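With CSV, C-alpha atoms inside, this is coords_0.csv:
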chain,number,residue,atom,x,y,z
J,1279,MET,CA,0.0,0.0,0.0
J,1280,ASP,CA,1.5,3.4,-1.1
J,1281,GLY,CA,1.6,6.1,1.5
J,1282,ILE,CA,3.7,7.5,4.3
J,1283,ASN,CA,3.8,7.3,8.1
J,1284,ILE,CA,3.4,10.7,9.7
J,1285,VAL,CA,3.8,11.8,13.3
J,1286,GLY,CA,2.7,15.1,14.9
J,1287,VAL,CA,5.0,16.4,17.6
J,1288,GLN,CA,4.7,19.1,20.1
J,1289,PHE,CA,7.5,21.0,21.9
J,1290,ARG,CA,5.5,21.9,25.0
J,1291,ARG,CA,2.3,20.7,26.6
J,1292,ALA,CA,-0.8,21.9,24.7
J,1293,GLY,CA,1.5,23.4,22.2
J,1294,ARG,CA,1.1,23.5,18.4
J,1295,ILE,CA,1.5,20.2,16.6
J,1296,TYR,CA,4.0,20.0,13.7
J,1297,GLU,CA,4.1,17.1,11.3
J,1298,PHE,CA,7.1,15.1,10.4
J,1299,ALA,CA,7.6,12.0,8.3
J,1300,ALA,CA,8.2,9.0,10.5
J,1301,GLY,CA,9.9,6.8,7.9
J,1302,GLU,CA,10.2,3.2,9.0
J,1303,SER,CA,10.3,4.2,12.7
J,1304,ASP,CA,7.7,2.5,14.9
J,1305,LEU,CA,6.6,5.5,17.0
J,1306,ARG,CA,3.8,5.8,19.5
J,1307,VAL,CA,2.1,8.7,21.2
J,1308,GLY,CA,4.2,9.9,24.1
J,1309,ASP,CA,7.5,8.9,22.7
J,1310,ASP,CA,10.4,11.5,23.0
J,1311,VAL,CA,12.1,12.1,19.6
J,1312,VAL,CA,14.8,14.3,18.2
J,1313,VAL,CA,13.8,16.5,15.3
J,1314,ASP,CA,15.6,18.9,13.1
J,1315,THR,CA,14.2,22.5,13.2
J,1316,GLU,CA,15.4,25.9,12.1
J,1317,ARG,CA,16.9,26.3,15.5
J,1318,GLY,CA,18.8,23.1,15.2
J,1319,PRO,CA,18.1,19.7,16.8
J,1320,SER,CA,15.2,19.8,19.2
J,1321,LEU,CA,13.6,17.4,21.6
J,1322,ALA,CA,9.9,16.9,21.1
J,1323,LYS,CA,7.1,14.5,22.2
J,1324,VAL,CA,4.9,12.6,19.8
J,1325,ALA,CA,1.3,13.8,20.1
J,1326,LEU,CA,-0.4,11.9,17.2
J,1327,VAL,CA,0.3,9.2,14.6
J,1328,ARG,CA,-1.4,8.8,11.3
J,1329,PHE,CA,-1.0,7.3,7.8
J,1330,ALA,CA,-1.3,9.4,4.6
J,1331,PHE,CA,-2.3,7.6,1.5
J,1332,GLU,CA,-1.4,10.5,-0.8
J,1333,ALA,CA,2.4,10.7,-0.6
J,1334,THR,CA,2.4,13.9,-2.8
J,1335,ASP,CA,0.7,15.7,0.0
J,1336,THR,CA,3.6,15.1,2.3
J,1337,LYS,CA,6.6,15.7,0.1
J,1338,ASP,CA,7.8,18.8,2.0
J,1339,LEU,CA,7.8,17.0,5.4
J,1340,LYS,CA,11.1,16.6,7.2
J,1341,THR,CA,12.0,13.3,8.7
J,1342,ILE,CA,12.2,12.4,12.4
J,1343,THR,CA,15.9,12.3,13.2
J,1344,ARG,CA,15.7,9.5,15.8
J,1345,LEU,CA,14.0,8.2,18.9
J,1346,ALA,CA,15.4,10.1,21.9
J,1347,THR,CA,17.8,8.0,24.0
J,1348,ARG,CA,18.4,8.1,27.8
J,1349,ARG,CA,21.6,10.0,27.1
J,1350,ASP,CA,19.7,12.7,25.1
J,1351,LEU,CA,17.3,13.2,28.0
J,1352,ASP,CA,20.2,13.3,30.5
J,1353,GLU,CA,22.0,15.9,28.4
J,1354,THR,CA,18.8,18.1,28.4
J,1355,ARG,CA,18.5,17.9,32.1
J,1356,LYS,CA,21.9,19.4,32.8
J,1357,LEU,CA,20.3,22.9,32.5
J,1358,THR,CA,16.7,22.6,33.4
J,1359,PRO,CA,14.0,25.2,32.5
J,1360,GLU,CA,13.4,25.7,36.3
J,1361,ASP,CA,17.0,26.6,36.9
J,1362,ALA,CA,17.0,29.0,34.0
J,1363,VAL,CA,13.8,30.7,35.2
J,1364,LYS,CA,15.1,31.0,38.8
J,1365,TYR,CA,18.3,32.6,37.6
J,1366,ALA,CA,16.6,35.0,35.2
J,1367,ARG,CA,14.2,36.2,37.9
J,1368,SER,CA,17.1,36.9,40.3
J,1369,ARG,CA,19.1,38.9,37.7
J,1370,ALA,CA,16.0,40.8,36.6
J,1371,ASP,CA,15.3,41.8,40.2
J,1372,LEU,CA,18.9,42.8,40.7
J,1373,LEU,CA,18.7,45.1,37.6
J,1374,GLY,CA,15.4,46.5,38.7
J,1375,LEU,CA,13.5,45.6,35.5
J,1376,LYS,CA,9.7,45.7,35.6
J,1377,MET,CA,9.1,42.4,34.1
J,1378,THR,CA,7.8,39.0,35.2
J,1379,VAL,CA,9.8,35.9,34.0
J,1380,LEU,CA,7.2,33.2,33.2
J,1381,GLN,CA,8.8,30.2,31.7
J,1382,SER,CA,11.9,29.0,29.7
J,1383,GLU,CA,12.8,26.5,27.0
J,1384,VAL,CA,16.2,24.9,27.0
J,1385,GLN,CA,17.1,23.7,23.5
J,1386,PHE,CA,18.4,20.3,22.9
J,1387,GLY,CA,22.0,20.1,24.2
J,1388,GLY,CA,21.5,23.1,26.4
J,1389,ASN,CA,23.4,25.5,24.1
J,1390,LYS,CA,20.4,27.9,23.8
J,1391,VAL,CA,17.7,29.1,26.2
J,1392,ILE,CA,14.5,30.9,25.4
J,1393,ILE,CA,13.0,32.9,28.2
J,1394,TYR,CA,9.4,34.2,28.1
J,1395,PHE,CA,8.3,37.2,30.2
J,1396,SER,CA,5.5,39.7,30.5
J,1397,ALA,CA,5.7,43.4,31.2
J,1398,PRO,CA,3.3,46.4,31.2
J,1399,GLY,CA,5.5,48.0,28.5
J,1400,ARG,CA,8.7,47.7,26.6
J,1401,VAL,CA,11.7,46.6,28.6
J,1402,ASP,CA,15.4,47.4,27.9
J,1403,PHE,CA,16.8,44.0,28.6
J,1404,ARG,CA,20.2,44.2,26.9
J,1405,GLU,CA,22.1,44.1,30.1
J,1406,LEU,CA,20.0,41.2,31.3
J,1407,VAL,CA,20.6,39.2,28.2
J,1408,LYS,CA,24.4,39.6,28.6
J,1409,ASP,CA,24.2,38.5,32.3
J,1410,LEU,CA,22.1,35.5,31.5
J,1411,ALA,CA,24.4,34.4,28.6
J,1412,THR,CA,27.3,34.6,31.0
J,1413,GLY,CA,25.7,32.9,33.9
J,1414,LEU,CA,23.9,30.1,32.0
J,1415,LYS,CA,26.8,29.6,29.6
J,1416,ALA,CA,24.4,29.4,26.6
J,1417,ARG,CA,22.8,31.6,24.0
J,1418,VAL,CA,19.9,33.4,25.5
J,1419,GLU,CA,16.8,34.8,23.8
J,1420,LEU,CA,14.1,36.8,25.6
J,1421,LYS,CA,10.5,37.1,24.3
J,1422,GLN,CA,7.7,39.2,25.7
J,1423,VAL,CA,4.3,37.7,25.5
J,1424,GLY,CA,0.7,39.0,25.8
J,1425,ALA,CA,-2.0,38.3,28.4
J,1426,ARG,CA,-3.4,35.1,26.8
J,1427,ASP,CA,0.0,33.6,26.3
J,1428,GLU,CA,1.0,34.5,29.9
J,1429,ALA,CA,-2.0,32.5,31.1
J,1430,LYS,CA,-1.1,29.6,28.8
J,1431,LEU,CA,2.5,29.5,30.1
J,1432,VAL,CA,1.7,29.9,33.8
J,1433,GLY,CA,-1.5,27.9,33.9
J,1434,GLY,CA,-4.2,28.0,36.6
J,1435,ILE,CA,-7.8,27.1,37.5
J,1436,GLY,CA,-10.7,28.7,35.7
J,1437,ILE,CA,-14.1,29.8,37.1
J,1438,CYS,CA,-15.4,26.4,36.0
J,1439,GLY,CA,-13.1,24.7,38.5
J,1440,ARG,CA,-11.0,23.1,35.9
J,1441,GLU,CA,-7.5,23.8,34.5
J,1442,PHE,CA,-7.3,26.5,31.9
J,1443,CYS,CA,-8.2,25.3,28.5
J,1444,CYS,CA,-5.2,27.1,26.9
J,1445,SER,CA,-2.7,25.3,29.2
J,1446,SER,CA,-4.3,21.9,29.1
J,1447,PHE,CA,-5.6,21.1,25.6
J,1448,LEU,CA,-6.3,24.3,23.5
J,1449,ARG,CA,-3.4,24.5,21.1
J,1450,GLU,CA,-4.2,27.7,19.3
J,1451,PHE,CA,-6.2,30.8,20.4
J,1452,VAL,CA,-9.4,31.6,18.4
J,1453,PRO,CA,-11.0,35.1,18.0
J,1454,VAL,CA,-13.6,35.7,20.8
J,1455,SER,CA,-16.0,38.6,20.8
J,1456,ILE,CA,-18.6,39.9,23.2
J,1457,LYS,CA,-21.2,39.1,20.5
J,1458,MET,CA,-20.7,35.5,21.4
J,1459,ALA,CA,-21.8,36.1,25.0
J,1460,LYS,CA,-24.9,38.1,23.8
J,1461,ASN,CA,-25.7,35.3,21.3
J,1462,GLN,CA,-25.8,32.8,24.2
J,1463,ASN,CA,-27.8,35.0,26.5
J,1464,LEU,CA,-25.0,35.1,29.1
J,1465,ALA,CA,-24.8,37.8,31.8
J,1466,LEU,CA,-22.7,40.7,30.3
J,1467,ASN,CA,-20.7,41.1,33.5
J,1468,PRO,CA,-16.9,41.3,32.9
J,1469,SER,CA,-16.2,39.2,36.0
J,1470,LYS,CA,-18.3,36.4,34.6
J,1471,VAL,CA,-17.2,36.4,30.9
J,1472,SER,CA,-13.5,37.0,31.4
J,1473,GLY,CA,-10.8,34.4,32.1
J,1474,GLY,CA,-7.7,34.4,34.2
J,1475,CYS,CA,-5.9,36.3,31.5
J,1476,GLY,CA,-8.4,39.2,31.7
J,1477,ARG,CA,-9.7,38.5,28.2
J,1478,LEU,CA,-12.9,37.0,27.1
J,1479,LEU,CA,-13.3,33.3,28.0
J,1480,CYS,CA,-12.1,31.0,25.2
J,1481,CYS,CA,-15.0,28.7,25.9
J,1482,LEU,CA,-17.5,31.3,24.6
J,1483,SER,CA,-16.6,30.0,21.2
J,1484,TYR,CA,-17.3,26.3,21.9
J,1485,GLU,CA,-21.1,26.4,21.6
J,1486,ASN,CA,-21.5,29.6,19.7
J,1487,ASP,CA,-22.2,27.9,16.3
J,1488,LEU,CA,-24.9,25.8,17.9
J,1489,TYR,CA,-26.6,28.8,19.5
J,1490,THR,CA,-26.4,30.6,16.2
J,1491,GLU,CA,-28.1,27.7,14.4
J,1492,LEU,CA,-30.8,27.4,17.1
J,1493,ARG,CA,-31.4,31.1,17.2
J,1494,SER,CA,-32.0,31.2,13.5
J,1495,LYS,CA,-34.9,28.8,13.9
J,1496,LEU,CA,-36.7,31.1,16.4
J,1497,PRO,CA,-39.0,33.7,14.8
J,1498,PRO,CA,-38.2,37.2,16.1
J,1499,ARG,CA,-40.2,39.0,18.7
J,1500,GLY,CA,-43.4,40.5,17.4
J,1501,THR,CA,-44.1,37.7,14.9
J,1502,ARG,CA,-47.7,36.7,14.9
J,1503,VAL,CA,-48.0,32.9,15.0
J,1504,ARG,CA,-50.7,30.2,15.4
J,1505,SER,CA,-50.4,27.1,17.5
J,1506,LEU,CA,-51.0,23.9,15.5
J,1507,GLU,CA,-52.0,22.1,18.6
J,1508,ASP,CA,-54.9,24.2,19.9
J,1509,GLY,CA,-55.2,27.0,17.3
J,1510,GLU,CA,-54.2,29.8,19.7
J,1511,VAL,CA,-53.0,33.0,17.8
J,1512,GLY,CA,-50.7,35.6,19.3
J,1513,ASN,CA,-47.5,37.6,19.1
J,1514,ILE,CA,-44.2,36.2,20.2
J,1515,ILE,CA,-42.9,38.1,23.3
J,1516,LYS,CA,-39.9,35.9,24.2
J,1517,GLY,CA,-38.3,32.6,23.3
J,1518,ASP,CA,-36.1,29.8,24.7
J,1519,ILE,CA,-33.3,29.1,22.3
J,1520,LEU,CA,-32.1,25.7,23.7
J,1521,ASN,CA,-35.6,24.3,24.3
J,1522,GLN,CA,-36.9,25.8,21.0
J,1523,ILE,CA,-40.1,27.1,22.5
J,1524,VAL,CA,-41.7,30.6,22.4
J,1525,VAL,CA,-44.1,32.5,24.6
J,1526,ILE,CA,-47.0,34.2,22.7
J,1527,GLU,CA,-49.4,36.7,24.0
J,1528,THR,CA,-53.0,36.4,22.7
J,1529,ALA,CA,-55.5,39.2,22.1
J,1530,GLU,CA,-57.1,38.4,25.5
J,1531,GLY,CA,-53.7,39.0,27.2
J,1532,ARG,CA,-53.1,35.4,28.0
J,1533,GLN,CA,-49.5,34.0,27.6
J,1534,VAL,CA,-49.2,30.6,26.0
J,1535,THR,CA,-46.1,28.5,25.5
J,1536,VAL,CA,-45.7,27.0,22.1
J,1537,SER,CA,-43.1,24.7,20.6
J,1538,VAL,CA,-41.4,26.0,17.4
J,1539,ALA,CA,-42.2,22.7,15.7
J,1540,GLN,CA,-45.9,23.1,16.5
J,1541,MET,CA,-46.6,26.5,15.2
J,1542,GLU,CA,-47.0,28.4,11.9
J,1543,VAL,CA,-46.2,32.0,11.1
J,1544,VAL,CA,-49.3,34.2,10.4
J,1545,GLU,CA,-47.5,37.5,10.0
J,1546,ALA,CA,-43.7,38.0,10.1
J,1547,GLY,CA,-42.3,40.4,12.7
J,1548,THR,CA,-39.1,42.4,12.9
J,1549,GLU,CA,-36.8,42.6,15.8
J,1550,THR,CA,-35.1,46.0,16.2
J,1551,THR,CA,-31.5,46.3,17.3
J,1552,ALA,CA,-31.4,47.5,20.9
J,1553,ASP,CA,-29.3,50.4,21.9
J,1554,ASP,CA,-27.0,50.4,25.0
J,1555,SER,CA,-29.7,51.7,27.4
J,1556,SER,CA,-32.4,49.2,26.4
J,1557,GLU,CA,-29.9,46.4,26.2
J,1558,ALA,CA,-28.7,47.2,29.7
J,1559,GLU,CA,-32.3,47.1,30.9
J,1560,ALA,CA,-32.9,43.7,29.2
J,1561,TRP,CA,-29.7,42.1,30.5
J,1562,GLY,CA,-29.5,43.5,34.0
J,1563,GLU,CA,-28.0,46.4,35.9
J,1564,ASP,CA,-24.5,44.9,36.3
J,1565,ILE,CA,-23.4,45.7,32.7
J,1566,ASP,CA,-20.2,47.7,32.4
J,1567,PHE,CA,-19.9,48.3,28.7
J,1568,ALA,CA,-16.6,50.2,29.0
J,1569,ALA,CA,-15.1,47.1,30.7
J,1570,LEU,CA,-16.6,44.8,28.2
J,1571,SER,CA,-15.2,46.7,25.2
J,1572,ALA,CA,-11.7,46.4,26.9
J,1573,LEU,CA,-12.1,42.6,26.9
J,1574,GLY,CA,-12.8,42.5,23.2
J,1575,ASP,CA,-10.6,40.1,21.2
J,1576,GLU,CA,-11.5,40.2,17.5
J,1577,GLY,CA,-8.2,38.9,16.2
J,1578,GLY,CA,-7.0,36.5,18.8
J,1579,GLU,CA,-3.8,36.6,20.8
J,1580,PRO,CA,-0.5,36.2,18.8
J,1581,GLY,CA,1.9,33.5,19.7
J,1582,PRO,CA,4.9,34.0,21.9
J,1583,GLY,CA,7.3,36.7,20.5
J,1584,ARG,CA,5.0,37.6,17.6
J,1585,GLY,CA,2.6,40.1,19.2
J,1586,ARG,CA,2.4,43.7,18.2
J,1587,ASP,CA,3.6,44.6,21.7
J,1588,SER,CA,6.1,41.8,22.0
J,1589,GLN,CA,9.9,42.2,22.2
J,1590,GLN,CA,12.5,39.7,21.5
J,1591,GLY,CA,16.3,39.8,21.6
J,1592,SER,CA,19.3,37.6,22.0
J,1593,ASP,CA,22.8,37.6,23.4
J,1594,LYS,CA,23.9,38.5,19.8
J,1595,GLY,CA,22.5,42.0,20.3
J,1596,GLY,CA,19.6,43.7,18.5
J,1597,ARG,CA,16.5,41.8,17.4
J,1598,GLY,CA,16.9,38.1,17.0
J,1599,PRO,CA,15.4,36.1,14.1
J,1600,ARG,CA,11.8,35.0,14.2
J,1601,PRO,CA,11.5,32.0,16.5
J,1602,PRO,CA,10.9,28.8,14.6
J,1603,GLN,CA,8.5,26.4,16.4
J,1604,GLY,CA,9.7,23.3,14.5
J,1605,GLY,CA,11.1,22.0,11.3
J,1606,GLY,CA,7.9,20.2,10.2
J,1607,ARG,CA,4.9,21.6,8.3
J,1608,ARG,CA,1.9,22.9,10.1
J,1609,PRO,CA,-1.2,20.6,9.6
J,1610,ARG,CA,-3.7,22.0,7.1
J,1611,GLY,CA,-6.9,23.5,8.5
J,1612,ARG,CA,-8.5,23.1,11.9
Here is a file; write its structure as structure tokens.
Amino acid sequence: MDGINIVGVQFRRAGRIYEFAAGESDLRVGDDVVVDTERGPSLAKVALVRFAFEATDTKDLKTITRLATRRDLDETRKLTPEDAVKYARSRADLLGLKMTVLQSEVQFGGNKVIIYFSAPGRVDFRELVKDLATGLKARVELKQVGARDEAKLVGGIGICGREFCCSSFLREFVPVSIKMAKNQNLALNPSKVSGGCGRLLCCLSYENDLYTELRSKLPPRGTRVRSLEDGEVGNIIKGDILNQIVVIETAEGRQVTVSVAQMEVVEAGTETTADDSSEAEAWGEDIDFAALSALGDEGGEPGPGRGRDSQQGSDKGGRGPRPPQGGGRRPRGR
């Protein structure tokens, strides 16, 4: 059978997956492997295994170098990410820099260290990079990350009581807007729709498509309908999206609950767009529209070192090259 064995590897937990050709290697999920990247050999963990029948679709894939040995793992542990973070924090405090060191990556062999940090503004870390390169005896690259990436790197417990999605299984951030909360009839309270990063909850996007589909099946308020079950006629005054039922008000002033599947439209109605004042009245008194607009995230959060407000530098001085995440090709689509 023609085809090729492909493995997807990740360089950190819940990180992006990059595909490599496995060749004749018998690899399983969880195996440590050595792969060739733009930064040189790197240690990665197998996250998925698949077989592609169309070999032409995988002609640009690089091949897994080898299965990591015990010696490879021991070499990597000589300089641990924890040691690098601890040392970087002490040097940053000594230099009086207003920055928070979050996490570090030690490249395979320990000859290069990437340190991620957050800060309220731009930081002049040229002296810090020199100190770190001398103390760690390795090339050092610092990268500033945004609020969402900070939460992903640090981790934590969300308001749902579970570990942050971004640090446990969400590999890429998706655009989230306040329209999603409105679409799902959620309370527009910043404390209830924002996550540990201070941005809108990523989980707002999980059920949004379903709510959009169900909402499209509900006639707008003001629509005159007739119940097929008992012949009651009235105007829709409100609806239940998930249960797909509406409440109609008859000419006598009685309110009747009718299933969407058991009614017919007599006269179409129109639903006007509410302004801020009427919307606040409908949703509750705890709405802070200024705070909600600050949570807006139409474009998603960029990855580490690639944000508009991010900085990156290395012990070579000046801006370092764009950080490669791996030598394989990104999987198509999501």
Legend entry - 6 Å contact set for region 1377-1393 of chain J, all atoms listed in the file, chain neighbours under 6 positions out, as an MDAnalysis selection string: chainID J and resid 1320:1321 1353:1354 1359 1367 1416:1420
Output the selection as a compact mmCIF listing (two decimals), in the frame of the given file - C-alpha atoms for each residue.
# COMPACT_ATOMS: atom_id res chain seq x y z
CA SER J 1320 15.20 19.80 19.20
CA LEU J 1321 13.60 17.40 21.60
CA GLU J 1353 22.00 15.90 28.40
CA THR J 1354 18.80 18.10 28.40
CA PRO J 1359 14.00 25.20 32.50
CA ARG J 1367 14.20 36.20 37.90
CA ALA J 1416 24.40 29.40 26.60
CA ARG J 1417 22.80 31.60 24.00
CA VAL J 1418 19.90 33.40 25.50
CA GLU J 1419 16.80 34.80 23.80
CA LEU J 1420 14.10 36.80 25.60
Inset, instruction - Using only C-alpha atoms, find all polymer residues with an atom at most 12 Å away from the point (-45.1, 36.3, 5.3); report them as a PyMOL selection string. - result: chain J and resi 1497+1501-1503+1542-1548
Serialized selection, C-alpha atoms, as a CSV table (one decimal), in the coordinates of the input:
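Heads up, here's the output in result_14.csv:
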chain,number,residue,atom,x,y,z
J,1497,PRO,CA,-39.0,33.7,14.8
J,1501,THR,CA,-44.1,37.7,14.9
J,1502,ARG,CA,-47.7,36.7,14.9
J,1503,VAL,CA,-48.0,32.9,15.0
J,1542,GLU,CA,-47.0,28.4,11.9
J,1543,VAL,CA,-46.2,32.0,11.1
J,1544,VAL,CA,-49.3,34.2,10.4
J,1545,GLU,CA,-47.5,37.5,10.0
J,1546,ALA,CA,-43.7,38.0,10.1
J,1547,GLY,CA,-42.3,40.4,12.7
J,1548,THR,CA,-39.1,42.4,12.9
Legend entry - Two-atom distance - CA of Met1541 (chain J), CA of Asn1513 (chain J) (Å):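 Computing the Euclidean distance for CA of Met1541 (chain J) and CA of Asn1513 (chain J) yields 11.8 Å.
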For region 1520-1531 of chain J: contacts at 8 Å, only C-alpha atoms, fewer than 4 positions along chain excluded, given as a tab-separated table (two decimals) with C-alpha atoms, keeping the file's coordinate frame:
chain	number	residue	atom	x	y	z
J	1489	TYR	CA	-26.60	28.80	19.50
J	1492	LEU	CA	-30.80	27.40	17.10
J	1495	LYS	CA	-34.90	28.80	13.90
J	1496	LEU	CA	-36.70	31.10	16.40
J	1503	VAL	CA	-48.00	32.90	15.00
J	1510	GLU	CA	-54.20	29.80	19.70
J	1511	VAL	CA	-53.00	33.00	17.80
J	1512	GLY	CA	-50.70	35.60	19.30
J	1513	ASN	CA	-47.50	37.60	19.10
J	1514	ILE	CA	-44.20	36.20	20.20
J	1515	ILE	CA	-42.90	38.10	23.30
J	1516	LYS	CA	-39.90	35.90	24.20
J	1535	THR	CA	-46.10	28.50	25.50
J	1536	VAL	CA	-45.70	27.00	22.10
J	1537	SER	CA	-43.10	24.70	20.60
J	1538	VAL	CA	-41.40	26.00	17.40
Legend entry - Point-to-point distance from CA of Ile1295 (chain J) to CA of Asp1361 (chain J), Å rounded to tenths: 26.3 Å
Legend entry - Interatomic distance, CA of Gly1500 (chain J) to CA of Asp1518 (chain J) (Å, one decimal): 14.9 Å
Inset, instruction - Could you check which of J:Arg1440, J:Arg1426, J:Arg1369, J:Lys1340 is closest to Asp1409 (chain J), using all atoms listed in the file? - result: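 Checking each candidate against Asp1409 (chain J), we get J:Arg1369 as the closest.
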Legend entry - Of the listed residues J:Leu1466, J:Leu1406, J:Cys1444, J:Ala1322, that which approaches Leu1373 (chain J) most closely, counting all atoms listed in the file: J:Leu1406
Legend entry - Shortest interatomic distance to Gly1374 (chain J) - which of J:Lys1356, J:Lys1421, J:Glu1405, J:Arg1344, counting only C-alpha atoms: J:Glu1405
Inset, instruction - Find the residues near Leu1326 (chain J): any atom within 6 Å, counting only C-alpha atoms, skip ones fewer than 6 places away on the same chain, and give them as a list in words. - result: Val1285, Gly1286 and Val1307 of chain J
Legend entry - Non-local contacts of Asn1463 (chain J) (12 Å; all atoms listed in the file; under 2 positions in same chain excluded) as JSON, numbers by chain: {"J": [1456, 1457, 1458, 1459, 1460, 1461, 1465, 1466, 1467, 1471, 1482, 1485, 1486, 1489, 1490, 1493, 1517, 1518, 1519, 1520, 1557, 1560, 1561, 1562]}
Take the residues from that selection and put them in a file with C-alpha atoms, as a JSON list (two decimals), in the frame of the given file.
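Contents of the output file selection.json:
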[["chain", "number", "residue", "atom", "x", "y", "z"],
["J", 1456, "ILE", "CA", -18.60, 39.90, 23.20],
["J", 1457, "LYS", "CA", -21.20, 39.10, 20.50],
["J", 1458, "MET", "CA", -20.70, 35.50, 21.40],
["J", 1459, "ALA", "CA", -21.80, 36.10, 25.00],
["J", 1460, "LYS", "CA", -24.90, 38.10, 23.80],
["J", 1461, "ASN", "CA", -25.70, 35.30, 21.30],
["J", 1465, "ALA", "CA", -24.80, 37.80, 31.80],
["J", 1466, "LEU", "CA", -22.70, 40.70, 30.30],
["J", 1467, "ASN", "CA", -20.70, 41.10, 33.50],
["J", 1471, "VAL", "CA", -17.20, 36.40, 30.90],
["J", 1482, "LEU", "CA", -17.50, 31.30, 24.60],
["J", 1485, "GLU", "CA", -21.10, 26.40, 21.60],
["J", 1486, "ASN", "CA", -21.50, 29.60, 19.70],
["J", 1489, "TYR", "CA", -26.60, 28.80, 19.50],
["J", 1490, "THR", "CA", -26.40, 30.60, 16.20],
["J", 1493, "ARG", "CA", -31.40, 31.10, 17.20],
["J", 1517, "GLY", "CA", -38.30, 32.60, 23.30],
["J", 1518, "ASP", "CA", -36.10, 29.80, 24.70],
["J", 1519, "ILE", "CA", -33.30, 29.10, 22.30],
["J", 1520, "LEU", "CA", -32.10, 25.70, 23.70],
["J", 1557, "GLU", "CA", -29.90, 46.40, 26.20],
["J", 1560, "ALA", "CA", -32.90, 43.70, 29.20],
["J", 1561, "TRP", "CA", -29.70, 42.10, 30.50],
["J", 1562, "GLY", "CA", -29.50, 43.50, 34.00]]
Inset, instruction - Measuring atom to atom with all atoms listed in the file, identify which of J:Asn1283, J:Tyr1365, J:Leu1357, J:Arg1291 is nearest to Cys1443 (chain J). - result: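 Ranked by minimum distance to Cys1443 (chain J), first place goes to J:Arg1291.
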